[in-house]
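So the structure is just underneath, and the comments pick up after that.
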Amino acid sequence: MKLSSYFLPILKETPSDASIVSHRLMLRSGMIRQLGSGIYNWLPLGLRILRKVENIVRQEMDKAGAIEILMPTLQPAELWQESGRYEDYGQEMLRIKDRHKRDMLFGPTAEEVVTDIFRNNVKSYKELPINLYNIQWKFRDEIRPRFGVMRGREFLMKDAYSFDMDYESAKASYDNMYVAYLNTFKRLGLTAIPVRADNGAIGGDLSHEFQVLAETGESALYYDVEFEELLKQDTLDVPSLRKLYAAADEKHDAANCPVPADKLRAKRGIEVGHIFNFGDKYTKSMNVLINDKEGKSFHPNMGSYGIGVSRLLGAIIESSHDDAGIIWPQSVTPFKVGIINLKANDADCTKVCDEMYIALEKAGIEVLYDDTDNSAGSKFASMDLIGLPWQIAVGPRGVKAGTVELKNRKTGLKEEVSVESAIKSVCSL
């Protein structure tokens, strides 16, 4: 993509209403723009990254055996009245009426809808277990939306729902999602610590939050240092992970902590995922019955598994940035490399840039080519701000010497290399 043909409205000044790093950088880099309180337009750069994060979440759900569906954003109130949650959920639920005066709501979550799908289509134990997931926009009317996409009112969420015969088989489904979540966050370049959590309005007796480590995190975390080593392994040792201590500040008891002080880590975390098992809470209240081997009816056991997809972008930035801007992991970077033409009116510089651009695109590399007539300083600042893993700067002196400058955004390391070496390095990594 040539920058001269792209829509990338970068801000030089930090917006006064953005109080955390991710909000500031998402606005400055042209990823999002606020439409209303807690509601954002996703501009091309932000949408490009959002789709990559979404696809990684989708791939890991598919790999874990979950089946994708798509449920509406608007839901009939009677389903929530049937489950008993309509009044209990509170003012975070946006309630509306359609033209026929029927009560509707903008879904904050989808337990009732997926339970209705299940009860109308599954009748036998032979069809279990089943896990249905949905990636859809949700709305929760936060009283004080803040921190950009970290605590907005409208957000993109992956919510999965498992149905099993009994608690023992439901635990297997729960453990399957536990592993899938750790794999998902690892692919996103994040260290996510699973901590035991309260069940909240959804209910249930088995629950974990996944907290991404970040200095600016909203929660204080206390965990066994062995977590960090186990999470680096290619194959996750779930039994060992489940034995380790991890707690958020409200559940941490320093006086009775089982981890020795020299092995206890205290860091900040951002919640990006939450998994629950809540038994027959919804299948019972909504009268979902399945026949077992003997023909007897039972209420299936359910689990719910959520990931804040749009929130993940904020979490990645919070955990991976520097004073100059964002540092995207390779897996979700909007473009893998940025080509910077330091003198766009120089025919030789332009020729080298154009040839590299064509060669990299033919190799399947996503390229953002700054072919504008902005100053060199402005171009470097913009590339650092949007955080592409690699930069290739092309200037008149380098062209005469047959070299370009290759920069690793994460390390800041710069090398003078040939055009061929630059292309080869970017393609190989």
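Residues are named by chain letter and number: chains run A, B, ... in the order of the structure tokens, numbers start at 1 in each chain, and ligands are numbered from 1 in the order shown.
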
(request) Quick one: everything within 6 Å of Ile270 in chain A, counting only C-alpha atoms, minus sequence neighbours fewer than 6 positions away in the same chain. Send it as a list in words. (result) Gln211, Val212, Gly217 and Glu218 of chain A

(message) Based on the backbone DSSP call, show me all residues of range 28-259 of chain A assigned strand (DSSP E), as a VMD selection string.
(response) chain A and resid 32 to 36 39 to 42 67 to 69 74 to 76 94 to 97 103 to 106 130 to 139 154 to 164 192 to 196 206 to 213 219 to 224 246 to 248

Could those selected residues go to a file with C-alpha atoms, as a PDB file, in the first residue's frame?
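Contents of part34.pdb, freshly written:
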ATOM      1  CA  ILE A  32      -9.659   4.920  15.672  1.00  0.00           C
ATOM      2  CA  ARG A  33     -11.750   8.052  16.069  1.00  0.00           C
ATOM      3  CA  GLN A  34     -14.430   8.629  18.685  1.00  0.00           C
ATOM      4  CA  LEU A  35     -17.996   8.910  17.410  1.00  0.00           C
ATOM      5  CA  GLY A  36     -19.718   9.142  20.781  1.00  0.00           C
ATOM      6  CA  ILE A  39     -18.122   4.380  20.743  1.00  0.00           C
ATOM      7  CA  TYR A  40     -15.398   4.422  18.082  1.00  0.00           C
ATOM      8  CA  ASN A  41     -15.001   4.412  14.331  1.00  0.00           C
ATOM      9  CA  TRP A  42     -12.361   1.906  13.236  1.00  0.00           C
ATOM     10  CA  ILE A  67     -17.925 -24.251  15.736  1.00  0.00           C
ATOM     11  CA  GLU A  68     -18.538 -20.695  14.582  1.00  0.00           C
ATOM     12  CA  ILE A  69     -22.021 -19.228  14.325  1.00  0.00           C
ATOM     13  CA  LEU A  74     -30.372  -7.211  18.887  1.00  0.00           C
ATOM     14  CA  GLN A  75     -32.092  -9.744  21.136  1.00  0.00           C
ATOM     15  CA  PRO A  76     -35.723 -10.175  22.249  1.00  0.00           C
ATOM     16  CA  LEU A  94     -29.354  -0.966  26.563  1.00  0.00           C
ATOM     17  CA  ARG A  95     -33.107  -1.599  26.376  1.00  0.00           C
ATOM     18  CA  ILE A  96     -35.167  -0.532  23.368  1.00  0.00           C
ATOM     19  CA  LYS A  97     -38.599  -1.144  21.810  1.00  0.00           C
ATOM     20  CA  ASP A 103     -39.052  -5.080  24.298  1.00  0.00           C
ATOM     21  CA  MET A 104     -35.617  -5.602  22.730  1.00  0.00           C
ATOM     22  CA  LEU A 105     -32.033  -5.140  23.871  1.00  0.00           C
ATOM     23  CA  PHE A 106     -28.598  -4.628  22.362  1.00  0.00           C
ATOM     24  CA  ILE A 130     -20.753 -29.227  21.369  1.00  0.00           C
ATOM     25  CA  ASN A 131     -19.137 -25.783  21.568  1.00  0.00           C
ATOM     26  CA  LEU A 132     -20.606 -22.890  19.562  1.00  0.00           C
ATOM     27  CA  TYR A 133     -18.793 -19.568  19.283  1.00  0.00           C
ATOM     28  CA  ASN A 134     -19.632 -16.150  17.958  1.00  0.00           C
ATOM     29  CA  ILE A 135     -17.505 -13.088  17.122  1.00  0.00           C
ATOM     30  CA  GLN A 136     -19.881 -10.151  17.267  1.00  0.00           C
ATOM     31  CA  TRP A 137     -20.230  -6.577  18.469  1.00  0.00           C
ATOM     32  CA  LYS A 138     -21.618  -6.185  21.973  1.00  0.00           C
ATOM     33  CA  PHE A 139     -22.873  -3.175  23.897  1.00  0.00           C
ATOM     34  CA  GLU A 154     -19.414  -0.970  22.081  1.00  0.00           C
ATOM     35  CA  PHE A 155     -16.799  -3.700  21.645  1.00  0.00           C
ATOM     36  CA  LEU A 156     -16.002  -6.743  19.537  1.00  0.00           C
ATOM     37  CA  MET A 157     -16.143  -9.949  21.543  1.00  0.00           C
ATOM     38  CA  LYS A 158     -15.592 -13.642  20.960  1.00  0.00           C
ATOM     39  CA  ASP A 159     -18.008 -15.614  23.090  1.00  0.00           C
ATOM     40  CA  ALA A 160     -18.095 -19.413  23.042  1.00  0.00           C
ATOM     41  CA  TYR A 161     -20.585 -21.715  24.780  1.00  0.00           C
ATOM     42  CA  SER A 162     -20.106 -25.397  25.531  1.00  0.00           C
ATOM     43  CA  PHE A 163     -22.839 -27.960  26.210  1.00  0.00           C
ATOM     44  CA  ASP A 164     -22.021 -31.254  27.938  1.00  0.00           C
ATOM     45  CA  ALA A 192      -1.347 -14.013  29.933  1.00  0.00           C
ATOM     46  CA  ILE A 193      -1.627 -15.270  33.508  1.00  0.00           C
ATOM     47  CA  PRO A 194      -4.812 -17.257  34.314  1.00  0.00           C
ATOM     48  CA  VAL A 195      -6.131 -16.295  37.742  1.00  0.00           C
ATOM     49  CA  ARG A 196      -9.141 -17.649  39.603  1.00  0.00           C
ATOM     50  CA  LEU A 206     -15.415 -22.580  38.006  1.00  0.00           C
ATOM     51  CA  SER A 207     -13.954 -19.397  36.595  1.00  0.00           C
ATOM     52  CA  HIS A 208     -10.633 -17.946  35.422  1.00  0.00           C
ATOM     53  CA  GLU A 209      -9.625 -14.516  34.201  1.00  0.00           C
ATOM     54  CA  PHE A 210      -6.706 -14.171  31.794  1.00  0.00           C
ATOM     55  CA  GLN A 211      -4.586 -11.179  32.707  1.00  0.00           C
ATOM     56  CA  VAL A 212      -2.019  -9.804  30.246  1.00  0.00           C
ATOM     57  CA  LEU A 213       1.107  -8.485  31.928  1.00  0.00           C
ATOM     58  CA  SER A 219      -5.162  -4.995  38.327  1.00  0.00           C
ATOM     59  CA  ALA A 220      -2.377  -6.004  40.697  1.00  0.00           C
ATOM     60  CA  LEU A 221      -1.362  -9.631  40.114  1.00  0.00           C
ATOM     61  CA  TYR A 222       0.548 -12.033  42.350  1.00  0.00           C
ATOM     62  CA  TYR A 223       1.765 -15.283  40.828  1.00  0.00           C
ATOM     63  CA  ASP A 224       4.385 -18.023  40.968  1.00  0.00           C
ATOM     64  CA  ALA A 246      -2.012 -16.802  40.803  1.00  0.00           C
ATOM     65  CA  ALA A 247      -4.385 -14.215  42.207  1.00  0.00           C
ATOM     66  CA  ALA A 248      -5.540 -10.682  41.531  1.00  0.00           C
TER      67      ALA A 248
END

(message) Considering only C-alpha atoms, can you say which of A:Ile317, A:Ala261, A:Met61, A:Ile56 comes closest to Met26 in chain A?
(response) A:Ile317

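The shortest atom-to-atom distance to Val57 in chain A, with only C-alpha atoms taken into account, belongs to A:Gly306 out of A:Gly395, A:Pro389, A:Gly412, A:Gly306.
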
Could you find all residues in range 129-194 of chain A that DSSP calls alpha helix (DSSP H) from the backbone, and write them as a compact mmCIF listing (two decimals) with N, CA and C atoms, in the first residue's frame?
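Saved file result16.txt follows:
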# COMPACT_ATOMS: atom_id res chain seq x y z
N TYR A 167 -21.05 -32.68 34.70
CA TYR A 167 -19.98 -31.80 35.17
C TYR A 167 -18.60 -32.29 34.78
N GLU A 168 -18.38 -33.60 34.84
CA GLU A 168 -17.07 -34.15 34.51
C GLU A 168 -16.70 -33.88 33.05
N SER A 169 -17.64 -34.11 32.15
CA SER A 169 -17.36 -33.84 30.73
C SER A 169 -17.26 -32.34 30.48
N ALA A 170 -18.01 -31.55 31.26
CA ALA A 170 -17.93 -30.09 31.13
C ALA A 170 -16.55 -29.58 31.55
N LYS A 171 -15.96 -30.22 32.56
CA LYS A 171 -14.61 -29.84 32.98
C LYS A 171 -13.59 -30.07 31.87
N ALA A 172 -13.80 -31.13 31.09
CA ALA A 172 -12.91 -31.39 29.95
C ALA A 172 -13.04 -30.28 28.90
N SER A 173 -14.27 -29.84 28.66
CA SER A 173 -14.49 -28.73 27.72
C SER A 173 -13.86 -27.45 28.25
N TYR A 174 -13.96 -27.24 29.55
CA TYR A 174 -13.38 -26.06 30.19
C TYR A 174 -11.85 -26.07 30.04
N ASP A 175 -11.24 -27.23 30.31
CA ASP A 175 -9.79 -27.34 30.19
C ASP A 175 -9.34 -27.13 28.75
N ASN A 176 -10.14 -27.58 27.80
CA ASN A 176 -9.84 -27.40 26.38
C ASN A 176 -9.79 -25.92 26.04
N MET A 177 -10.74 -25.15 26.55
CA MET A 177 -10.75 -23.71 26.31
C MET A 177 -9.62 -23.01 27.06
N TYR A 178 -9.30 -23.49 28.23
CA TYR A 178 -8.18 -22.95 29.02
C TYR A 178 -6.90 -22.99 28.20
N VAL A 179 -6.64 -24.12 27.55
CA VAL A 179 -5.45 -24.28 26.71
C VAL A 179 -5.56 -23.40 25.47
N ALA A 180 -6.73 -23.39 24.83
CA ALA A 180 -6.93 -22.58 23.62
C ALA A 180 -6.68 -21.10 23.91
N TYR A 181 -7.08 -20.64 25.08
CA TYR A 181 -6.87 -19.24 25.43
C TYR A 181 -5.38 -18.93 25.59
N LEU A 182 -4.68 -19.81 26.29
CA LEU A 182 -3.25 -19.59 26.46
C LEU A 182 -2.52 -19.58 25.12
N ASN A 183 -2.91 -20.49 24.21
CA ASN A 183 -2.31 -20.53 22.88
C ASN A 183 -2.63 -19.26 22.09
N THR A 184 -3.86 -18.77 22.24
CA THR A 184 -4.27 -17.55 21.53
C THR A 184 -3.42 -16.36 21.96
N PHE A 185 -3.30 -16.17 23.25
CA PHE A 185 -2.55 -15.01 23.75
C PHE A 185 -1.06 -15.12 23.43
N LYS A 186 -0.56 -16.35 23.44
CA LYS A 186 0.85 -16.55 23.09
C LYS A 186 1.10 -16.15 21.64
N ARG A 187 0.19 -16.52 20.72
CA ARG A 187 0.32 -16.15 19.31
C ARG A 187 0.25 -14.64 19.11

(request) Show which residues sit within 7 Å of Asp384 in chain A, as number ranges by chain. Count only C-alpha atoms, and ignore same-chain residues fewer than 4 positions away. (result) A: 324-325, 380

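If you look at CA of Ser331 in chain A and CA of Val53 in chain A, they are 8.3 Å away from each other.
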
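Nearest residue to Asp323 in chain A among A:Leu25, A:Glu415, A:Glu228, A:Asp141 is A:Leu25, counting only C-alpha atoms.
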
(request) Fewer than 4 positions away in the same chain doesn't count, so skip those; otherwise give me all residues within 10 Å of Ser22 in chain A, counting only C-alpha atoms, as a ChimeraX atom specification. (result) /A:18,26-28,147-150,216,313-321,325-326
